[in-house]
>>> print(open('protein-v5.cif').read())   # mmCIF, C-alpha atoms
data_work
#
loop_
_atom_site.label_atom_id
_atom_site.label_comp_id
_atom_site.auth_asym_id
_atom_site.auth_seq_id
_atom_site.Cartn_x
_atom_site.Cartn_y
_atom_site.Cartn_z
CA LEU A 1 57.46 109.43 142.95
CA VAL A 2 61.22 109.59 142.50
CA ALA A 3 62.72 112.74 144.04
CA PRO A 4 66.22 114.17 143.52
CA GLU A 5 67.75 112.80 146.68
CA GLU A 6 71.00 110.95 147.15
CA ASN A 7 72.65 111.68 143.78
CA GLY A 8 69.40 111.84 141.89
CA PHE A 9 67.42 108.98 143.33
CA ARG A 10 65.21 108.10 146.25
CA SER A 11 67.10 107.53 149.46
CA MET A 12 66.94 104.17 151.20
CA ASN A 13 64.98 105.81 154.01
CA SER A 14 62.01 105.97 151.64
CA VAL A 15 61.66 102.20 152.03
CA THR A 16 59.99 102.78 155.39
CA SER A 17 57.14 104.65 153.73
CA SER A 18 56.89 102.77 150.44
CA SER A 19 53.27 101.91 149.71
CA PHE A 20 50.79 101.94 146.86
CA CYS A 21 47.03 101.43 146.93
CA GLY A 22 47.23 100.25 150.53
CA LEU A 23 49.98 97.68 149.85
CA SER A 24 53.31 98.03 151.63
CA LEU A 25 56.20 96.04 153.11
CA ASN A 26 55.80 94.66 156.60
CA PRO A 27 58.13 95.99 159.35
CA GLY A 28 60.53 93.03 159.05
CA GLN A 29 60.83 93.46 155.28
CA LYS A 30 61.39 97.20 155.59
CA LEU A 31 64.25 96.69 158.04
CA ALA A 32 65.81 93.91 155.96
CA VAL A 33 65.56 95.82 152.67
CA LYS A 34 67.07 98.98 154.15
CA GLY A 35 70.11 97.07 155.45
CA ALA A 36 70.53 94.98 152.29
CA LEU A 37 70.45 97.99 149.97
CA LEU A 38 72.98 99.88 152.08
CA LYS A 39 75.30 96.85 151.98
CA LEU A 40 74.82 96.47 148.22
CA LYS A 41 75.56 100.14 147.60
CA LEU A 42 78.81 100.01 149.56
CA GLN A 43 79.97 96.67 148.11
CA GLN A 44 79.37 97.64 144.49
CA ASN A 45 80.14 101.35 144.89
CA LEU A 46 76.79 102.35 143.38
CA GLU A 47 75.85 105.98 142.81
CA SER A 48 72.29 105.26 143.88
CA ILE A 49 70.10 102.36 144.97
CA ALA A 50 66.42 102.32 145.86
CA PHE A 51 63.62 99.92 146.57
CA TRP A 52 61.55 99.62 143.37
CA GLY A 53 58.61 97.43 144.34
CA LYS A 54 57.17 93.97 144.85
CA ILE A 55 56.11 91.41 142.24
CA MET A 56 53.85 88.81 143.85
CA GLY A 57 54.21 85.10 143.10
CA ILE A 58 52.46 81.86 144.05
CA GLU A 59 55.33 80.35 146.07
CA LYS A 60 57.24 83.52 146.96
CA ASP A 61 57.15 87.24 146.24
CA PHE A 62 59.98 89.06 144.47
CA LEU A 63 61.30 92.29 146.00
CA ILE A 64 62.96 94.50 143.40
CA ALA A 65 65.58 97.24 143.81
CA LYS A 66 66.91 99.61 141.18
CA SER A 67 70.21 101.40 140.61
CA LEU A 68 70.31 104.30 138.18
CA LYS A 69 73.50 105.83 136.80
CA ALA A 70 72.89 108.99 134.80
CA GLY A 71 75.83 109.90 132.60
CA LYS A 72 76.31 111.76 129.34
CA MET A 73 72.70 111.85 128.20
CA GLU A 74 72.31 108.19 129.10
CA PHE A 75 70.46 106.33 131.82
CA LYS A 76 72.10 103.05 132.79
CA THR A 77 69.71 101.02 134.91
CA THR A 78 70.46 97.85 136.86
CA TYR A 79 67.79 95.86 138.68
CA TYR A 80 68.24 93.60 141.70
CA VAL A 81 65.94 90.91 143.08
CA SER A 82 65.42 89.42 146.53
CA VAL A 83 63.68 86.08 147.12
CA ASP A 84 64.32 85.99 150.88
CA GLU A 85 62.07 88.80 152.16
CA GLY A 86 64.69 91.50 151.47
CA VAL A 87 67.60 89.97 153.41
CA SER A 88 69.80 89.86 150.30
CA PHE A 89 69.66 91.06 146.69
CA SER A 90 71.29 89.73 143.52
CA GLU A 91 71.47 91.30 140.09
CA LEU A 92 68.48 90.56 137.89
CA LEU A 93 69.84 89.42 134.53
CA PRO A 94 68.25 91.03 131.44
CA CYS A 95 65.81 89.13 129.25
CA PRO A 96 67.30 88.17 125.84
CA GLU A 97 65.70 90.03 122.95
CA GLN A 98 64.51 86.79 121.30
CA LYS A 99 62.52 85.85 124.41
CA ARG A 100 60.72 89.14 125.02
CA LYS A 101 57.72 88.12 122.92
CA MET A 102 57.38 84.92 124.96
CA ALA A 103 57.46 86.98 128.17
CA SER A 104 54.81 89.40 126.86
CA GLU A 105 52.43 86.55 126.05
CA LEU A 106 52.35 85.53 129.74
CA LYS A 107 51.16 88.92 131.00
CA PHE A 108 47.92 87.52 132.44
CA GLN A 109 49.60 84.59 134.19
CA MET A 110 50.77 84.92 137.79
CA PHE A 111 54.44 84.40 138.58
CA LYS A 112 55.44 81.06 140.05
CA GLY A 113 57.78 82.63 142.62
CA ASN A 114 60.84 80.60 141.62
CA LEU A 115 63.59 82.23 139.52
CA GLN A 116 64.73 78.84 138.20
CA PHE A 117 61.28 77.82 136.98
CA LYS A 118 60.95 77.48 133.19
CA TYR A 119 57.80 77.86 131.10
CA GLY A 120 56.91 75.30 128.46
CA LYS A 121 57.84 71.74 127.61
CA ALA A 122 61.41 70.65 128.31
CA PRO A 123 63.50 69.76 125.24
CA GLU A 124 64.00 66.07 124.50
CA GLU A 125 67.18 64.41 125.69
CA PRO A 126 69.81 64.08 122.91
CA GLU A 127 70.41 60.63 121.46
CA GLU A 128 74.17 61.17 121.40
CA GLU A 129 75.77 60.84 124.79
CA GLY A 130 77.47 64.01 125.98
CA LYS A 131 75.72 66.25 123.44
CA VAL A 132 74.31 69.46 124.93
CA VAL A 133 70.89 70.63 123.75
CA ASP A 134 69.96 74.31 124.04
CA ASP A 135 66.91 74.98 126.19
CA PRO A 136 64.68 77.48 124.34
CA ARG A 137 62.26 77.85 127.24
CA LEU A 138 61.67 81.13 129.05
CA SER A 139 62.91 81.22 132.64
CA GLU A 140 61.06 82.95 135.47
CA GLU A 141 64.03 85.29 135.93
CA GLU A 142 63.95 86.33 132.26
CA ARG A 143 60.22 86.95 132.46
CA LEU A 144 60.59 88.93 135.69
CA SER A 145 63.34 91.06 134.15
CA HIS A 146 61.18 91.84 131.11
CA VAL A 147 58.16 92.80 133.23
CA VAL A 148 60.16 95.04 135.60
CA GLU A 149 61.97 96.77 132.74
CA THR A 150 58.72 97.33 130.81
CA ILE A 151 56.88 98.78 133.81
CA ASP A 152 59.83 100.97 134.77
CA LYS A 153 60.25 102.33 131.25
CA GLU A 154 56.65 103.51 131.16
CA THR A 155 56.30 104.75 134.75
CA CYS A 156 59.66 106.16 135.91
CA ILE A 157 58.40 109.69 136.50
CA VAL A 158 60.11 112.72 138.04
CA PRO A 159 58.99 116.34 138.51
CA LYS A 160 59.96 118.61 135.64
CA GLY A 161 62.98 120.68 136.64
CA ALA A 162 64.32 118.20 139.19
CA TYR A 163 67.23 117.35 136.89
CA VAL A 164 69.40 119.42 134.62
CA LEU A 165 71.29 118.64 131.41
CA THR A 166 74.64 120.41 131.63
CA ALA A 167 76.61 122.03 128.80
CA THR A 168 78.75 118.87 128.70
CA SER A 169 75.60 116.73 128.26
CA ARG A 170 75.67 115.23 131.74
CA VAL A 171 72.43 114.58 133.61
CA VAL A 172 72.65 115.72 137.25
CA PRO A 173 70.23 116.71 140.03
CA ASN A 174 69.21 120.34 139.86
CA VAL A 175 70.57 121.97 143.02
CA GLU A 176 68.22 124.92 142.49
CA TYR A 177 65.11 122.74 142.41
CA LYS A 178 62.87 123.49 145.40
CA GLY A 179 59.90 121.29 144.53
CA LEU A 180 56.62 121.93 142.75
CA SER A 181 54.10 124.46 143.97
CA SER A 182 50.70 123.10 145.07
CA LEU A 183 49.23 124.38 141.81
CA MET A 184 51.90 122.87 139.53
CA ALA A 185 51.93 119.58 141.44
CA LYS A 186 48.39 118.90 140.24
CA LYS A 187 49.21 119.39 136.54
CA VAL A 188 50.17 116.53 134.24
CA SER A 189 52.53 118.88 132.38
CA SER A 190 54.71 119.09 135.53
CA TYR A 191 56.01 115.53 135.18
CA VAL A 192 58.49 113.88 132.82
CA LEU A 193 59.87 110.40 132.13
CA MET A 194 63.34 109.74 133.56
CA GLN A 195 64.66 107.93 130.51
CA GLN A 196 66.31 108.54 127.16
CA PRO A 197 64.10 111.07 125.31
CA VAL A 198 62.60 109.91 122.01
CA GLU A 199 60.14 112.66 121.06
CA HIS A 200 61.23 114.79 118.10
CA LYS A 201 60.26 118.00 119.88
CA THR A 202 62.40 117.13 122.90
CA LEU A 203 65.40 116.07 120.81
CA THR A 204 65.21 119.32 118.83
CA LYS A 205 65.28 121.38 122.05
CA ILE A 206 68.40 119.49 123.19
CA LYS A 207 70.21 120.14 119.90
CA CYS A 208 69.30 123.84 119.94
CA ARG A 209 70.22 124.55 123.56
CA GLY A 210 73.77 125.67 122.73
CA ALA A 211 76.24 125.71 125.61
CA ALA A 212 73.64 126.49 128.27
CA ASN A 213 72.27 124.16 130.96
CA THR A 214 68.65 123.15 130.53
CA THR A 215 65.94 121.42 132.53
CA ASP A 216 63.77 120.91 129.45
CA PHE A 217 65.35 117.74 128.04
CA LEU A 218 63.03 114.88 129.03
CA ASP A 219 59.78 113.68 127.43
CA GLY A 220 56.65 114.80 129.29
CA ILE A 221 53.97 112.32 130.35
CA ALA A 222 51.29 114.66 128.96
CA ASN A 223 52.24 113.43 125.48
CA ALA A 224 52.29 109.73 126.39
CA GLU A 225 50.27 107.34 124.25
CA PRO A 226 47.41 106.63 124.38
CA LYS A 227 46.42 110.23 125.05
CA GLY A 228 45.04 110.73 128.54
CA VAL A 229 46.77 107.68 129.97
CA TRP A 230 48.09 109.83 132.86
CA THR A 231 46.15 111.95 135.33
CA VAL A 232 47.18 113.61 138.59
CA GLN A 233 45.33 112.55 141.71
CA ALA A 234 45.22 115.18 144.46
CA ASP A 235 46.23 114.06 147.95
CA SER A 236 44.07 114.39 151.06
CA THR A 237 45.45 117.86 151.85
CA GLY A 238 44.60 119.25 148.42
CA PHE A 239 48.06 120.80 148.15
CA GLY A 240 49.85 117.97 146.34
CA GLY A 241 49.24 115.34 143.73
CA THR A 242 50.47 112.01 142.40
CA PRO A 243 50.52 111.12 138.68
CA ARG A 244 48.64 107.85 138.07
CA PRO A 245 46.89 106.06 135.23
CA PRO A 246 43.14 106.86 135.31
#
>>> encode(input="protein-v5.cif", output="structure tokens")
Amino acid sequence: LVAPEENGFRSMNSVTSSSFCGLSLNPGQKLAVKGALLKLKLQQNLESIAFWGKIMGIEKDFLIAKSLKAGKMEFKTTYYVSVDEGVSFSELLPCPEQKRKMASELKFQMFKGNLQFKYGKAPEEPEEEGKVVDDPRLSEEERLSHVVETIDKETCIVPKGAYVLTATSRVVPNVEYKGLSSLMAKKVSSYVLMQQPVEHKTLTKIKCRGAANTTDFLDGIANAEPKGVWTVQADSTGFGGTPRPP
């Protein structure tokens, strides 16, 4: 769960405890990722950078990092990929709009583990010497970018109230946010999607807020389609919870 740390995003220290359903990075990967993300943040002067997750492949696994820049009611996201166990990261180029359907059709096929790999039959060589033929095939990198972006768009969840929309329409961490109570942490209505709001009800609230700051400007997961797609699973202590698909 993303918490309002380090300019509104998870700190790099969270890499050491990143896990889901029993899956986590090994000690060597954790150390490598932590150092690589710190280097990347300094080199590119990023507001925030965090480990996003792992996409498993046949030959190699892809480690993904995410940088989020929240500006005037906008959320600019950049993804980075590592193919060397987290030693280094490079920017993951976005998937062209015309290839998104091709990427979606491969959702049940495992990744190859090679960013240069291309799906489908290679185009025939041109008869004219020196003529360049466009390659319409989908690359592994384009497919990876589409999958990461799609997952992130539907699952980037933050606690309600953790961020505030200022009078000048800037999205910033809420300095008054102290966390959710044990009761509220177990309610689906306590979580929102950290992305551009699209619900009519939410957009109306933003327009009617006047010159005041507000924490009620993001779409809640309770209204996500299909209805009931999100539930909150209580932790072992019974005092906290984690939103997850049922």
>>> resolve_selection(input="protein-v5.cif", expression="the PyMOL selection byres ((chain A and resi 162) around 9)", output="list in words")
Ala3, Pro4, Gly8, Val158, Pro159, Lys160, Gly161, Tyr163, Val164, Val172, Pro173, Asn174, Val175, Glu176, Tyr177, Lys178, Gly179 and Thr215 of chain A
>>> closest_residue(input="protein-v5.cif", among="A:Ile49, A:Met56, A:Leu203, A:Leu68", to="Leu144 in chain A", atoms="all atoms listed in the file")
A:Met56
>>> atom_distance(input="protein-v5.cif", atom1="CA of Leu106 in chain A", atom2="CA of Tyr80 in chain A")
21.5 Å
>>> atom_distance(input="protein-v5.cif", atom1="CA of Leu92 in chain A", atom2="CA of Ser145 in chain A")
6.4 Å
>>> closest_residue(input="protein-v5.cif", among="A:Met110, A:Val192, A:Ala212, A:Val81", to="Cys156 in chain A", atoms="all atoms listed in the file")
A:Val192
>>> residues_around(input="protein-v5.cif", residues="Tyr119 in chain A", least_positions_apart="6", cutoff="10 Å", atoms="all atoms listed in the file", output="MDAnalysis selection string")
chainID A and resid 102:103 106 112 136:140 143
>>> write_last_selection(input="protein-v5.cif", atoms="C-alpha atoms", output="tab-separated table (two decimals), in the frame of the given file")
chain	number	residue	atom	x	y	z
A	102	MET	CA	57.38	84.92	124.96
A	103	ALA	CA	57.46	86.98	128.17
A	106	LEU	CA	52.35	85.53	129.74
A	112	LYS	CA	55.44	81.06	140.05
A	136	PRO	CA	64.68	77.48	124.34
A	137	ARG	CA	62.26	77.85	127.24
A	138	LEU	CA	61.67	81.13	129.05
A	139	SER	CA	62.91	81.22	132.64
A	140	GLU	CA	61.06	82.95	135.47
A	143	ARG	CA	60.22	86.95	132.46
>>> build_atoms(input="protein-v5.cif", residues="range 167-178 of chain A", atoms="all heavy atoms", output="PDB file, keeping the file's coordinate frame")
ATOM      1  N   ALA A 167      76.021 121.670 130.100  1.00  0.00           N
ATOM      2  CA  ALA A 167      76.610 122.030 128.800  1.00  0.00           C
ATOM      3  C   ALA A 167      77.468 120.895 128.248  1.00  0.00           C
ATOM      4  O   ALA A 167      77.674 120.797 127.036  1.00  0.00           O
ATOM      5  CB  ALA A 167      77.454 123.292 128.955  1.00  0.00           C
ATOM      6  N   THR A 168      77.946 120.015 129.139  1.00  0.00           N
ATOM      7  CA  THR A 168      78.750 118.870 128.700  1.00  0.00           C
ATOM      8  C   THR A 168      77.902 117.612 128.528  1.00  0.00           C
ATOM      9  O   THR A 168      78.411 116.499 128.462  1.00  0.00           O
ATOM     10  CB  THR A 168      79.878 118.585 129.706  1.00  0.00           C
ATOM     11  OG1 THR A 168      79.309 118.369 131.014  1.00  0.00           O
ATOM     12  CG2 THR A 168      80.858 119.740 129.766  1.00  0.00           C
ATOM     13  N   SER A 169      76.579 117.807 128.490  1.00  0.00           N
ATOM     14  CA  SER A 169      75.600 116.730 128.260  1.00  0.00           C
ATOM     15  C   SER A 169      75.537 115.705 129.375  1.00  0.00           C
ATOM     16  O   SER A 169      75.199 114.540 129.148  1.00  0.00           O
ATOM     17  CB  SER A 169      75.888 116.023 126.921  1.00  0.00           C
ATOM     18  OG  SER A 169      75.706 116.915 125.845  1.00  0.00           O
ATOM     19  N   ARG A 170      75.817 116.114 130.589  1.00  0.00           N
ATOM     20  CA  ARG A 170      75.670 115.230 131.740  1.00  0.00           C
ATOM     21  C   ARG A 170      74.343 115.509 132.437  1.00  0.00           C
ATOM     22  O   ARG A 170      73.915 116.652 132.546  1.00  0.00           O
ATOM     23  CB  ARG A 170      76.824 115.391 132.730  1.00  0.00           C
ATOM     24  CG  ARG A 170      78.152 114.873 132.206  1.00  0.00           C
ATOM     25  CD  ARG A 170      79.175 114.749 133.324  1.00  0.00           C
ATOM     26  NE  ARG A 170      78.763 113.790 134.341  1.00  0.00           N
ATOM     27  CZ  ARG A 170      78.917 112.474 134.228  1.00  0.00           C
ATOM     28  NH1 ARG A 170      79.449 111.952 133.140  1.00  0.00           N
ATOM     29  NH2 ARG A 170      78.519 111.661 135.192  1.00  0.00           N
ATOM     30  N   VAL A 171      73.698 114.456 132.895  1.00  0.00           N
ATOM     31  CA  VAL A 171      72.430 114.580 133.610  1.00  0.00           C
ATOM     32  C   VAL A 171      72.716 114.544 135.111  1.00  0.00           C
ATOM     33  O   VAL A 171      73.249 113.558 135.620  1.00  0.00           O
ATOM     34  CB  VAL A 171      71.473 113.428 133.236  1.00  0.00           C
ATOM     35  CG1 VAL A 171      70.163 113.553 134.011  1.00  0.00           C
ATOM     36  CG2 VAL A 171      71.214 113.421 131.737  1.00  0.00           C
ATOM     37  N   VAL A 172      72.374 115.614 135.811  1.00  0.00           N
ATOM     38  CA  VAL A 172      72.650 115.720 137.250  1.00  0.00           C
ATOM     39  C   VAL A 172      71.448 116.318 137.960  1.00  0.00           C
ATOM     40  O   VAL A 172      70.619 116.997 137.341  1.00  0.00           O
ATOM     41  CB  VAL A 172      73.906 116.600 137.519  1.00  0.00           C
ATOM     42  CG1 VAL A 172      75.147 115.978 136.909  1.00  0.00           C
ATOM     43  CG2 VAL A 172      73.689 118.012 136.976  1.00  0.00           C
ATOM     44  N   PRO A 173      71.312 116.069 139.275  1.00  0.00           N
ATOM     45  CA  PRO A 173      70.230 116.710 140.030  1.00  0.00           C
ATOM     46  C   PRO A 173      70.352 118.225 139.977  1.00  0.00           C
ATOM     47  O   PRO A 173      71.457 118.775 139.993  1.00  0.00           O
ATOM     48  CB  PRO A 173      70.452 116.188 141.460  1.00  0.00           C
ATOM     49  CG  PRO A 173      71.215 114.924 141.288  1.00  0.00           C
ATOM     50  CD  PRO A 173      72.108 115.145 140.108  1.00  0.00           C
ATOM     51  N   ASN A 174      69.237 118.889 139.905  1.00  0.00           N
ATOM     52  CA  ASN A 174      69.210 120.340 139.860  1.00  0.00           C
ATOM     53  C   ASN A 174      69.266 120.894 141.275  1.00  0.00           C
ATOM     54  O   ASN A 174      68.303 120.776 142.029  1.00  0.00           O
ATOM     55  CB  ASN A 174      67.934 120.804 139.154  1.00  0.00           C
ATOM     56  CG  ASN A 174      67.861 122.312 138.991  1.00  0.00           C
ATOM     57  OD1 ASN A 174      68.806 123.031 139.317  1.00  0.00           O
ATOM     58  ND2 ASN A 174      66.731 122.790 138.484  1.00  0.00           N
ATOM     59  N   VAL A 175      70.398 121.487 141.649  1.00  0.00           N
ATOM     60  CA  VAL A 175      70.570 121.970 143.020  1.00  0.00           C
ATOM     61  C   VAL A 175      69.643 123.155 143.321  1.00  0.00           C
ATOM     62  O   VAL A 175      69.410 123.489 144.487  1.00  0.00           O
ATOM     63  CB  VAL A 175      72.042 122.397 143.270  1.00  0.00           C
ATOM     64  CG1 VAL A 175      72.955 121.181 143.198  1.00  0.00           C
ATOM     65  CG2 VAL A 175      72.489 123.464 142.280  1.00  0.00           C
ATOM     66  N   GLU A 176      69.110 123.782 142.298  1.00  0.00           N
ATOM     67  CA  GLU A 176      68.220 124.920 142.490  1.00  0.00           C
ATOM     68  C   GLU A 176      66.746 124.502 142.562  1.00  0.00           C
ATOM     69  O   GLU A 176      65.871 125.341 142.775  1.00  0.00           O
ATOM     70  CB  GLU A 176      68.415 125.932 141.355  1.00  0.00           C
ATOM     71  CG  GLU A 176      69.823 126.528 141.312  1.00  0.00           C
ATOM     72  CD  GLU A 176      69.979 127.545 140.189  1.00  0.00           C
ATOM     73  OE1 GLU A 176      68.996 127.736 139.437  1.00  0.00           O
ATOM     74  OE2 GLU A 176      71.061 128.131 140.061  1.00  0.00           O
ATOM     75  N   TYR A 177      66.491 123.221 142.387  1.00  0.00           N
ATOM     76  CA  TYR A 177      65.110 122.740 142.410  1.00  0.00           C
ATOM     77  C   TYR A 177      64.582 122.738 143.844  1.00  0.00           C
ATOM     78  O   TYR A 177      65.178 122.136 144.733  1.00  0.00           O
ATOM     79  CB  TYR A 177      65.039 121.329 141.818  1.00  0.00           C
ATOM     80  CG  TYR A 177      63.665 120.716 141.854  1.00  0.00           C
ATOM     81  CD1 TYR A 177      62.670 121.136 140.979  1.00  0.00           C
ATOM     82  CD2 TYR A 177      63.359 119.709 142.770  1.00  0.00           C
ATOM     83  CE1 TYR A 177      61.405 120.569 141.011  1.00  0.00           C
ATOM     84  CE2 TYR A 177      62.100 119.129 142.805  1.00  0.00           C
ATOM     85  CZ  TYR A 177      61.124 119.567 141.925  1.00  0.00           C
ATOM     86  OH  TYR A 177      59.884 119.001 141.958  1.00  0.00           O
ATOM     87  N   LYS A 178      63.460 123.380 144.066  1.00  0.00           N
ATOM     88  CA  LYS A 178      62.870 123.490 145.400  1.00  0.00           C
ATOM     89  C   LYS A 178      61.541 122.758 145.526  1.00  0.00           C
ATOM     90  O   LYS A 178      60.856 122.863 146.534  1.00  0.00           O
ATOM     91  CB  LYS A 178      62.664 124.980 145.763  1.00  0.00           C
ATOM     92  CG  LYS A 178      63.926 125.826 145.670  1.00  0.00           C
ATOM     93  CD  LYS A 178      65.019 125.314 146.605  1.00  0.00           C
ATOM     94  CE  LYS A 178      66.261 126.206 146.504  1.00  0.00           C
ATOM     95  NZ  LYS A 178      67.375 125.675 147.334  1.00  0.00           N
TER      96      LYS A 178
END
